[in-house]
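Raw contents of my_file_25.cif, mmCIF, C-alpha atoms and all ligand atoms:
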data_structure
#
loop_
_atom_site.label_atom_id
_atom_site.label_comp_id
_atom_site.auth_asym_id
_atom_site.auth_seq_id
_atom_site.Cartn_x
_atom_site.Cartn_y
_atom_site.Cartn_z
CA MET A 13 0.00 0.00 0.00
CA SER A 14 1.55 3.29 -1.03
CA GLU A 15 1.82 6.19 1.41
CA THR A 16 -0.52 9.08 0.84
CA ALA A 17 -0.16 12.75 1.72
CA PRO A 18 -2.87 14.18 4.01
CA ASP A 19 -4.73 15.47 0.93
CA GLY A 20 -4.93 11.94 -0.50
CA SER A 21 -2.12 12.29 -3.07
CA PRO A 22 -0.25 8.96 -3.38
CA VAL A 23 3.43 9.70 -2.74
CA ASP A 24 5.04 7.13 -5.02
CA LEU A 25 2.66 8.06 -7.85
CA TYR A 26 3.65 11.72 -7.63
CA ALA A 27 7.31 10.70 -7.47
CA GLN A 28 6.98 9.12 -10.92
CA LEU A 29 4.43 11.25 -12.79
CA PRO A 30 6.05 12.78 -15.86
CA GLN A 31 6.73 16.47 -16.43
CA ARG A 32 4.08 18.19 -18.55
CA GLY A 33 5.76 21.44 -19.57
CA GLU A 34 4.94 23.24 -16.32
CA GLY A 35 8.47 24.63 -15.94
CA GLU A 36 8.32 26.28 -19.35
CA ILE A 37 4.95 27.89 -18.63
CA VAL A 38 6.17 29.28 -15.31
CA ALA A 39 9.48 30.43 -16.80
CA ARG A 40 7.62 32.50 -19.39
CA ALA A 41 5.53 34.18 -16.68
CA VAL A 42 8.16 35.19 -14.13
CA GLY A 43 11.32 37.31 -14.18
CA ARG A 44 14.56 35.61 -15.17
CA ASP A 45 16.32 35.57 -11.81
CA SER A 46 13.23 35.06 -9.72
CA GLU A 47 13.17 33.31 -6.41
CA ILE A 48 10.01 31.21 -6.53
CA LEU A 49 7.91 30.08 -3.58
CA GLU A 50 6.27 26.83 -4.69
CA LEU A 51 3.21 25.89 -2.63
CA GLY A 52 2.25 22.20 -2.58
CA CYS A 53 5.44 21.02 -4.29
CA GLY A 54 4.69 17.33 -3.74
CA ALA A 55 7.58 15.10 -4.75
CA GLY A 56 9.23 17.95 -6.66
CA ARG A 57 7.95 17.26 -10.18
CA ILE A 58 7.63 20.98 -11.00
CA THR A 59 10.44 21.97 -8.61
CA ARG A 60 12.94 20.02 -10.71
CA GLN A 61 11.79 21.79 -13.87
CA LEU A 62 12.25 25.19 -12.22
CA LEU A 63 15.67 24.35 -10.80
CA ALA A 64 16.78 23.12 -14.22
CA ARG A 65 15.90 26.56 -15.58
CA GLY A 66 18.09 28.29 -13.02
CA PHE A 67 15.43 29.54 -10.62
CA ARG A 68 15.91 29.45 -6.87
CA VAL A 69 12.99 27.61 -5.30
CA VAL A 70 11.57 27.39 -1.80
CA ALA A 71 9.42 24.26 -1.90
CA VAL A 72 6.56 23.93 0.60
CA ASP A 73 4.48 20.86 1.38
CA GLN A 74 2.71 19.50 4.43
CA SER A 75 3.85 15.95 3.67
CA GLU A 76 7.27 14.89 4.95
CA GLU A 77 7.13 11.86 2.66
CA MET A 78 6.60 14.05 -0.40
CA LEU A 79 9.35 16.50 0.62
CA ALA A 80 11.81 13.63 1.02
CA HIS A 81 11.84 13.38 -2.80
CA VAL A 82 12.73 17.06 -3.29
CA GLU A 83 16.37 17.93 -3.88
CA GLY A 84 18.15 21.17 -4.72
CA ALA A 85 15.49 23.48 -3.27
CA GLU A 86 15.00 24.91 0.19
CA ARG A 87 12.37 22.58 1.68
CA VAL A 88 9.73 23.75 4.11
CA ARG A 89 7.29 21.40 5.76
CA ALA A 90 4.24 23.51 6.53
CA ASP A 91 0.56 23.94 5.88
CA ILE A 92 0.09 26.47 3.09
CA GLU A 93 -2.76 28.14 4.97
CA THR A 94 -0.58 29.31 7.86
CA LEU A 95 2.77 29.65 6.11
CA GLU A 96 4.91 32.46 7.56
CA LEU A 97 8.45 32.73 6.23
CA GLY A 98 9.06 36.38 7.08
CA ARG A 99 10.18 37.20 3.54
CA ARG A 100 8.58 37.88 0.19
CA PHE A 101 9.19 36.30 -3.16
CA ASP A 102 9.46 37.48 -6.77
CA ALA A 103 7.01 34.76 -7.69
CA VAL A 104 4.63 32.47 -5.85
CA LEU A 105 3.40 29.31 -7.57
CA LEU A 106 0.12 27.64 -6.61
CA ALA A 107 -0.27 24.77 -9.06
CA SER A 108 -1.97 21.38 -9.16
CA ASN A 109 -5.56 22.71 -8.82
CA LEU A 110 -5.10 23.74 -5.19
CA VAL A 111 -7.04 26.90 -6.07
CA ASN A 112 -10.01 24.60 -6.74
CA ALA A 113 -10.26 23.45 -3.12
CA GLU A 114 -13.87 22.54 -2.39
CA SER A 115 -13.82 24.57 0.81
CA ASP A 116 -14.13 28.33 0.26
CA GLU A 117 -12.28 28.86 3.51
CA GLN A 118 -9.32 26.76 2.41
CA ARG A 119 -9.15 28.42 -0.99
CA ARG A 120 -9.22 31.85 0.65
CA ALA A 121 -6.39 30.80 2.95
CA PHE A 122 -4.32 29.49 0.00
CA LEU A 123 -4.77 32.72 -1.95
CA ASP A 124 -4.12 34.86 1.14
CA THR A 125 -0.81 33.02 1.50
CA CYS A 126 0.03 33.81 -2.13
CA ARG A 127 -0.75 37.49 -1.55
CA ARG A 128 1.11 37.64 1.79
CA ASN A 129 4.27 36.12 0.35
CA VAL A 130 4.57 37.86 -3.00
CA ALA A 131 6.74 40.96 -3.26
CA GLU A 132 5.27 44.24 -4.51
CA GLY A 133 5.99 44.05 -8.24
CA GLY A 134 6.03 40.26 -8.04
CA VAL A 135 3.67 37.76 -9.64
CA VAL A 136 1.50 34.86 -8.51
CA VAL A 137 1.29 31.97 -10.98
CA ILE A 138 -1.72 29.70 -10.62
CA GLU A 139 -2.63 26.42 -12.30
CA GLY A 140 -6.22 25.39 -11.73
CA LEU A 141 -8.84 23.34 -13.50
CA PRO A 142 -9.89 24.75 -16.88
CA LEU A 143 -12.79 27.23 -16.59
CA GLY A 144 -16.10 25.30 -16.55
CA TRP A 145 -14.25 21.96 -16.34
CA ARG A 146 -16.05 18.62 -16.41
CA PRO A 147 -14.15 15.30 -16.40
CA ALA A 148 -13.76 13.67 -19.80
CA PRO A 149 -15.12 10.09 -19.92
CA ASP A 150 -12.09 8.77 -21.84
CA GLU A 151 -8.80 7.42 -20.59
CA SER A 152 -5.72 9.54 -21.06
CA ARG A 153 -2.01 8.91 -20.76
CA LEU A 154 0.65 10.57 -18.67
CA GLY A 155 3.79 8.96 -20.10
CA ASP A 156 3.23 5.26 -19.51
CA ILE A 157 0.61 5.86 -16.83
CA VAL A 158 -3.02 5.43 -17.92
CA THR A 159 -5.50 7.61 -16.08
CA ARG A 160 -9.28 7.97 -15.93
CA VAL A 161 -11.83 9.75 -13.76
CA VAL A 162 -14.59 7.56 -12.30
CA ASP A 163 -17.52 7.89 -9.87
CA VAL A 164 -18.17 11.45 -10.99
CA ALA A 165 -20.86 13.49 -9.23
CA VAL A 166 -21.57 17.13 -10.02
CA ASP A 167 -23.25 19.27 -7.36
CA GLY A 168 -23.54 22.89 -8.56
CA ASP A 169 -19.99 24.04 -9.15
CA VAL A 170 -18.42 21.21 -7.12
CA VAL A 171 -17.21 18.12 -8.97
CA ARG A 172 -16.44 14.95 -7.01
CA GLY A 173 -14.85 11.79 -8.29
CA VAL A 174 -11.88 9.49 -8.16
CA VAL A 175 -8.85 9.66 -10.44
CA GLU A 176 -7.54 6.19 -11.16
CA TYR A 177 -3.99 5.69 -12.38
CA GLU A 178 -2.56 2.46 -13.74
CA ARG A 179 0.97 1.58 -14.75
CA HIS A 180 1.69 -2.07 -15.54
CA THR A 181 0.59 -3.85 -12.35
CA ASP A 182 0.51 -0.71 -10.17
CA HIS A 183 -2.78 1.04 -9.39
CA TRP A 184 -3.52 4.23 -7.51
CA ARG A 185 -6.78 5.99 -6.62
CA HIS A 186 -7.02 9.66 -5.72
CA PRO A 187 -10.49 10.81 -4.58
CA PHE A 188 -11.16 14.49 -5.10
CA ALA A 189 -13.78 17.20 -4.58
CA MET A 190 -13.08 20.43 -6.42
CA ARG A 191 -14.84 23.72 -7.03
CA VAL A 192 -14.91 24.68 -10.71
CA PHE A 193 -14.89 28.36 -11.67
CA ASP A 194 -16.11 30.48 -14.50
CA GLU A 195 -14.03 33.57 -15.21
CA GLY A 196 -16.17 35.83 -13.00
CA GLY A 197 -15.92 33.44 -10.06
CA LEU A 198 -12.18 33.17 -10.46
CA ARG A 199 -11.74 36.95 -10.57
CA ALA A 200 -13.88 37.26 -7.44
CA ALA A 201 -11.85 34.61 -5.60
CA LEU A 202 -8.63 36.43 -6.45
CA ALA A 203 -10.11 39.78 -5.44
CA GLU A 204 -11.02 38.43 -1.98
CA ALA A 205 -7.31 37.88 -1.41
CA GLY A 206 -6.28 41.30 -2.75
CA LEU A 207 -5.12 39.88 -6.07
CA GLN A 208 -6.20 40.66 -9.60
CA LEU A 209 -6.05 38.57 -12.72
CA GLN A 210 -3.20 39.75 -14.95
CA ARG A 211 -3.49 37.31 -17.85
CA PHE A 212 -4.28 33.75 -18.83
CA LEU A 213 -1.29 31.72 -19.99
CA ASP A 214 -3.23 29.13 -22.00
CA ASP A 215 -6.48 28.79 -23.95
CA HIS A 216 -8.42 26.92 -21.26
CA GLY A 217 -8.15 29.42 -18.41
CA SER A 218 -6.11 26.84 -16.52
CA TRP A 219 -2.80 28.70 -16.08
CA LEU A 220 -2.86 32.37 -15.14
CA THR A 221 -0.89 35.11 -13.49
CA ALA A 222 -2.24 37.44 -10.80
CA VAL A 223 -0.70 40.48 -9.18
CA PRO A 224 -1.41 42.44 -5.99
CA ALA A 225 -4.45 44.61 -6.61
CA PRO A 226 -3.96 48.37 -6.28
CA ARG A 227 -4.86 49.45 -2.76
CA GLY A 228 -8.54 50.30 -2.35
CA ARG A 229 -9.73 48.20 -5.27
CA ALA A 230 -9.37 44.50 -5.80
C1 LIG B 301 -1.67 16.77 -6.25
S1 LIG B 301 -0.15 16.93 -5.40
C2 LIG B 301 0.79 17.86 -6.60
C3 LIG B 301 2.26 17.94 -6.31
C4 LIG B 301 3.08 18.76 -7.31
N1 LIG B 301 2.68 20.16 -7.34
C5 LIG B 301 3.00 18.18 -8.70
O1 LIG B 301 2.46 18.84 -9.59
O2 LIG B 301 3.51 17.10 -8.92
C6 LIG B 301 -0.60 18.19 -4.20
C7 LIG B 301 0.44 18.41 -3.12
O3 LIG B 301 0.01 19.52 -2.32
C8 LIG B 301 0.22 19.21 -0.97
N2 LIG B 301 -0.80 19.93 -0.18
C9 LIG B 301 -2.14 19.84 -0.31
N3 LIG B 301 -2.75 20.64 0.57
C10 LIG B 301 -1.76 21.23 1.29
C11 LIG B 301 -1.76 22.17 2.35
N4 LIG B 301 -2.90 22.63 2.87
N5 LIG B 301 -0.57 22.58 2.83
C12 LIG B 301 0.60 22.09 2.34
N6 LIG B 301 0.65 21.20 1.33
C13 LIG B 301 -0.51 20.77 0.81
C14 LIG B 301 0.04 17.71 -0.87
O4 LIG B 301 0.72 17.17 0.27
C15 LIG B 301 0.62 17.24 -2.19
O5 LIG B 301 1.98 16.94 -2.07
#

Rewrite the structure from the file as structure tokens, please.
Ligand SMILES: C[S@@+](CC[C@H](N)C(=O)[O-])C[C@H]1O[C@@H](n2cnc3c(N)ncnc32)[C@H](O)[C@@H]1O
Amino acid sequence: MSETAPDGSPVDLYAQLPQRGEGEIVARAVGRDSEILELGCGAGRITRQLLARGFRVVAVDQSEEMLAHVEGAERVRADIETLELGRRFDAVLLASNLVNAESDEQRRAFLDTCRRNVAEGGVVVIEGLPLGWRPAPDESRLGDIVTRVVDVAVDGDVVRGVVEYERHTDHWRHPFAMRVFDEGGLRAALAEAGLQLQRFLDDHGSWLTAVPAPRGRA
């Protein structure tokens, strides 16, 4: 039985999932010599891509088992919600759909942490579910890992289900419950944290940058 992080992410699965171009997307969105605060780094899949591009990375996760796979970055074991490092970063990365937390309170706390830890003039890079997302019924492939979403239930803007992964004889299941946004909802969520949408980085509204909102208006 593989170990799982408190959020249900299987550790050995995340240690072997392939890169999917995340480093390139982030590199295009942040300044060249940026120090990046990566929230929810997992086993370092994106961390490695950022380090390979010359960025300095502070990698945060609440799972000791996940962090044990991260090398070459400053590692911080902490809950994102209450993270206090006493310094600000050129860029803060919140990837892996953490912005789609089912709980409004948790999402607010995640985005507050982004706002609290980004320098004035800095940028927050977010990867969430595509706007209006619904799971596709088909299988897809991540390298040699086959994945599908099963047991889907949609309740308003919350989608629940289980992501199944299969590689040769290995199987993993990752149950999820995520809040799906339209563009207005996403802008409102950012505004609550004192952030404003700067631009989308892809055609699905999945990757975006946000910046501190001017004082007095979010
Ligand atoms: C789905 S995994 C993604 C890992 C990595 N970003 C990737 O793309 O491979 C999500 C990670 O976020 C971490 N995480 C989830 N909620 C967290 C929280 N509240 N505080 C700190 N880490 C959290 C989990 O432990 C897990 O390692």

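For A:Arg120, the list of residues within 8 Å, based on all atoms listed in the file and with local chain neighbours fewer than 6 positions off taken out, reads Ala201, Glu204 and Ala205 of chain A.
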
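If you count all atoms listed in the file and ignore residues fewer than 3 places along the chain from stretch 193-195 of chain A, what sits within 9 Å of it is Asn112, Leu141, Pro142, Leu143, Gly144, Trp145, Asp169, Leu198, Arg199, Ala200 and Gly217 of chain A.
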
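Relative to atom CA of A:Leu213, atom CA of A:Ser75 is found at 28.9 Å.
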
Exercise for the section: Go through the chains and note each residue within 8 Å of ligand LIG 301 (chain B), using only C-alpha atoms and all ligand atoms, then give the set as a VMD selection string. Expected result: chain A and resid 17 to 21 23 26 to 27 29 51 to 58 72 to 75 78 to 79 89 to 93 106 to 110 118 122

Taking all atoms of stretch 194-213 of chain A that the file lists, what box with edges along x, y and z, padded by 6 Å per side, do you get, with centre and edge lengths in Å to one decimal, as AutoDock Vina command-line options?
--center_x -8.7 --center_y 35.9 --center_z -10.7 --size_x 26.9 --size_y 22.8 --size_z 30.6

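Closest approach to A:Ala121 from the set A:Gly206, A:Ala225, A:Asp163, A:Pro22 is made by A:Gly206, with distances taken over all atoms listed in the file.
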
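Atom pair atom CA of A:Val136 / atom CA of A:Gly35 has a distance of 14.4 Å (rounded to one decimal).
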
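Take the candidates A:Trp184, A:Glu139, A:Gln61, A:Val69 and check each one against A:Thr16 using all atoms listed in the file; the shortest distance goes to A:Trp184.
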
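Using all atoms listed in the file, the protein and nucleic acid residues lying no more than 10 Å from stretch 96-101 of chain A, apart from those fewer than 6 places from it along its own chain, are Ser46, Glu47, Ile48, Leu49, Val69, Val70, Val88, Ala90, Thr125, Cys126, Arg127, Arg128, Asn129, Val130, Ala131, Glu132, Gly133, Gly134, Val135 and Val136 of chain A.
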
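Going from atom CA of A:Pro224 over to atom CA of A:Arg211, you cover 13.1 Å.
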
Practice task
Find the residue from A:Arg60, A:Arg185, A:Arg227, A:His81 that sits nearest to A:Arg32; use all atoms listed in the file when measuring.
Solution key: A:Arg60

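Nearest-residue note for A:Val104: choosing from A:Val82, A:Leu209, A:Val42, A:Val174, the minimum distance belongs to A:Val42, counting only C-alpha atoms.
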
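Minimum atom-to-atom distance to A:Ala41, evaluated using all atoms listed in the file, belongs to A:Val223 out of A:Leu63, A:Val170, A:Ala71, A:Val223.
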
Counting only C-alpha atoms, which residues have an atom no more than 9 Å from (-18.1, 25.4, -6.5) in the file's coordinates? Please list them as a PDB file with C-alpha atoms, in the coordinates of the input.
ATOM      1  CA  ASN A 112     -10.010  24.600  -6.740  1.00  0.00           C
ATOM      2  CA  ALA A 113     -10.260  23.450  -3.120  1.00  0.00           C
ATOM      3  CA  GLU A 114     -13.870  22.540  -2.390  1.00  0.00           C
ATOM      4  CA  SER A 115     -13.820  24.570   0.810  1.00  0.00           C
ATOM      5  CA  ASP A 116     -14.130  28.330   0.260  1.00  0.00           C
ATOM      6  CA  ASP A 167     -23.250  19.270  -7.360  1.00  0.00           C
ATOM      7  CA  GLY A 168     -23.540  22.890  -8.560  1.00  0.00           C
ATOM      8  CA  ASP A 169     -19.990  24.040  -9.150  1.00  0.00           C
ATOM      9  CA  VAL A 170     -18.420  21.210  -7.120  1.00  0.00           C
ATOM     10  CA  VAL A 171     -17.210  18.120  -8.970  1.00  0.00           C
ATOM     11  CA  MET A 190     -13.080  20.430  -6.420  1.00  0.00           C
ATOM     12  CA  ARG A 191     -14.840  23.720  -7.030  1.00  0.00           C
ATOM     13  CA  VAL A 192     -14.910  24.680 -10.710  1.00  0.00           C
ATOM     14  CA  PHE A 193     -14.890  28.360 -11.670  1.00  0.00           C
TER      15      PHE A 193
END

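Nearest residue to A:Gly197, choosing from A:Ala165, A:Asp45, A:Ala80, A:Val111 and counting all atoms listed in the file: A:Val111.
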
Practice task
Find the residues with any atom within 8 Å of (5.6, 9.1, -13.9); use all atoms listed in the file and the coordinates as given in the file, and write the answer as a PyMOL selection string.
Solution key: chain A and resi 25-31+154-157

Practice task
Would you list the contacts of A:Val162 as a ChimeraX atom specification, taking every protein, DNA or RNA residue within 9 Å and counting all atoms listed in the file, but skipping same-chain residues closer than 3 positions in sequence?
Solution key: /A:147,149,173-176

Take stretch 90-119 of chain A, model N, CA and C atoms, and hand the result over as a JSON list (two decimals), in the frame of the given file.
[["chain", "number", "residue", "atom", "x", "y", "z"],
["A", 90, "ALA", "N", 5.21, 22.60, 5.91],
["A", 90, "ALA", "CA", 4.24, 23.51, 6.53],
["A", 90, "ALA", "C", 2.91, 23.37, 5.82],
["A", 91, "ASP", "N", 1.86, 23.79, 6.52],
["A", 91, "ASP", "CA", 0.56, 23.94, 5.88],
["A", 91, "ASP", "C", 0.57, 25.27, 5.12],
["A", 92, "ILE", "N", 0.10, 25.25, 3.91],
["A", 92, "ILE", "CA", 0.09, 26.47, 3.09],
["A", 92, "ILE", "C", -0.72, 27.56, 3.79],
["A", 93, "GLU", "N", -1.82, 27.16, 4.40],
["A", 93, "GLU", "CA", -2.76, 28.14, 4.97],
["A", 93, "GLU", "C", -2.10, 29.07, 5.98],
["A", 94, "THR", "N", -1.15, 28.52, 6.75],
["A", 94, "THR", "CA", -0.58, 29.31, 7.86],
["A", 94, "THR", "C", 0.89, 29.63, 7.63],
["A", 95, "LEU", "N", 1.35, 29.48, 6.41],
["A", 95, "LEU", "CA", 2.77, 29.65, 6.11],
["A", 95, "LEU", "C", 3.25, 31.07, 6.43],
["A", 96, "GLU", "N", 4.30, 31.17, 7.21],
["A", 96, "GLU", "CA", 4.91, 32.46, 7.56],
["A", 96, "GLU", "C", 6.41, 32.31, 7.42],
["A", 97, "LEU", "N", 7.01, 32.87, 6.40],
["A", 97, "LEU", "CA", 8.45, 32.73, 6.23],
["A", 97, "LEU", "C", 9.19, 34.04, 6.54],
["A", 98, "GLY", "N", 8.43, 35.12, 6.73],
["A", 98, "GLY", "CA", 9.06, 36.38, 7.08],
["A", 98, "GLY", "C", 9.83, 37.01, 5.93],
["A", 99, "ARG", "N", 9.58, 36.59, 4.72],
["A", 99, "ARG", "CA", 10.18, 37.20, 3.54],
["A", 99, "ARG", "C", 9.23, 37.07, 2.36],
["A", 100, "ARG", "N", 9.47, 37.90, 1.36],
["A", 100, "ARG", "CA", 8.58, 37.88, 0.19],
["A", 100, "ARG", "C", 9.32, 37.44, -1.05],
["A", 101, "PHE", "N", 8.59, 36.96, -2.01],
["A", 101, "PHE", "CA", 9.19, 36.30, -3.16],
["A", 101, "PHE", "C", 8.82, 37.01, -4.47],
["A", 102, "ASP", "N", 9.73, 36.91, -5.44],
["A", 102, "ASP", "CA", 9.46, 37.48, -6.77],
["A", 102, "ASP", "C", 8.26, 36.80, -7.40],
["A", 103, "ALA", "N", 8.12, 35.52, -7.11],
["A", 103, "ALA", "CA", 7.01, 34.76, -7.69],
["A", 103, "ALA", "C", 6.54, 33.71, -6.71],
["A", 104, "VAL", "N", 5.23, 33.53, -6.67],
["A", 104, "VAL", "CA", 4.63, 32.47, -5.85],
["A", 104, "VAL", "C", 3.85, 31.57, -6.81],
["A", 105, "LEU", "N", 4.07, 30.27, -6.69],
["A", 105, "LEU", "CA", 3.40, 29.31, -7.57],
["A", 105, "LEU", "C", 2.42, 28.47, -6.77],
["A", 106, "LEU", "N", 1.16, 28.50, -7.20],
["A", 106, "LEU", "CA", 0.12, 27.64, -6.61],
["A", 106, "LEU", "C", -0.44, 26.80, -7.76],
["A", 107, "ALA", "N", 0.10, 25.60, -7.91],
["A", 107, "ALA", "CA", -0.27, 24.77, -9.06],
["A", 107, "ALA", "C", -1.17, 23.62, -8.61],
["A", 108, "SER", "N", -1.33, 22.66, -9.49],
["A", 108, "SER", "CA", -1.97, 21.38, -9.16],
["A", 108, "SER", "C", -3.40, 21.53, -8.64],
["A", 109, "ASN", "N", -4.13, 22.53, -9.14],
["A", 109, "ASN", "CA", -5.56, 22.71, -8.82],
["A", 109, "ASN", "C", -5.83, 23.00, -7.35],
["A", 110, "LEU", "N", -4.83, 23.42, -6.61],
["A", 110, "LEU", "CA", -5.10, 23.74, -5.19],
["A", 110, "LEU", "C", -6.08, 24.90, -5.09],
["A", 111, "VAL", "N", -6.09, 25.77, -6.09],
["A", 111, "VAL", "CA", -7.04, 26.90, -6.07],
["A", 111, "VAL", "C", -8.48, 26.41, -6.18],
["A", 112, "ASN", "N", -8.67, 25.16, -6.60],
["A", 112, "ASN", "CA", -10.01, 24.60, -6.74],
["A", 112, "ASN", "C", -10.47, 23.85, -5.50],
["A", 113, "ALA", "N", -9.83, 24.09, -4.37],
["A", 113, "ALA", "CA", -10.26, 23.45, -3.12],
["A", 113, "ALA", "C", -11.77, 23.58, -2.97],
["A", 114, "GLU", "N", -12.40, 22.50, -2.55],
["A", 114, "GLU", "CA", -13.87, 22.54, -2.39],
["A", 114, "GLU", "C", -14.28, 23.58, -1.35],
["A", 115, "SER", "N", -13.49, 23.66, -0.29],
["A", 115, "SER", "CA", -13.82, 24.57, 0.81],
["A", 115, "SER", "C", -13.44, 26.01, 0.44],
["A", 116, "ASP", "N", -14.42, 26.91, 0.53],
["A", 116, "ASP", "CA", -14.13, 28.33, 0.26],
["A", 116, "ASP", "C", -13.09, 28.85, 1.24],
["A", 117, "GLU", "N", -13.20, 28.38, 2.47],
["A", 117, "GLU", "CA", -12.28, 28.86, 3.51],
["A", 117, "GLU", "C", -10.84, 28.46, 3.18],
["A", 118, "GLN", "N", -10.67, 27.21, 2.74],
["A", 118, "GLN", "CA", -9.32, 26.76, 2.41],
["A", 118, "GLN", "C", -8.78, 27.50, 1.20],
["A", 119, "ARG", "N", -9.62, 27.69, 0.18],
["A", 119, "ARG", "CA", -9.15, 28.42, -0.99],
["A", 119, "ARG", "C", -8.74, 29.84, -0.62]]
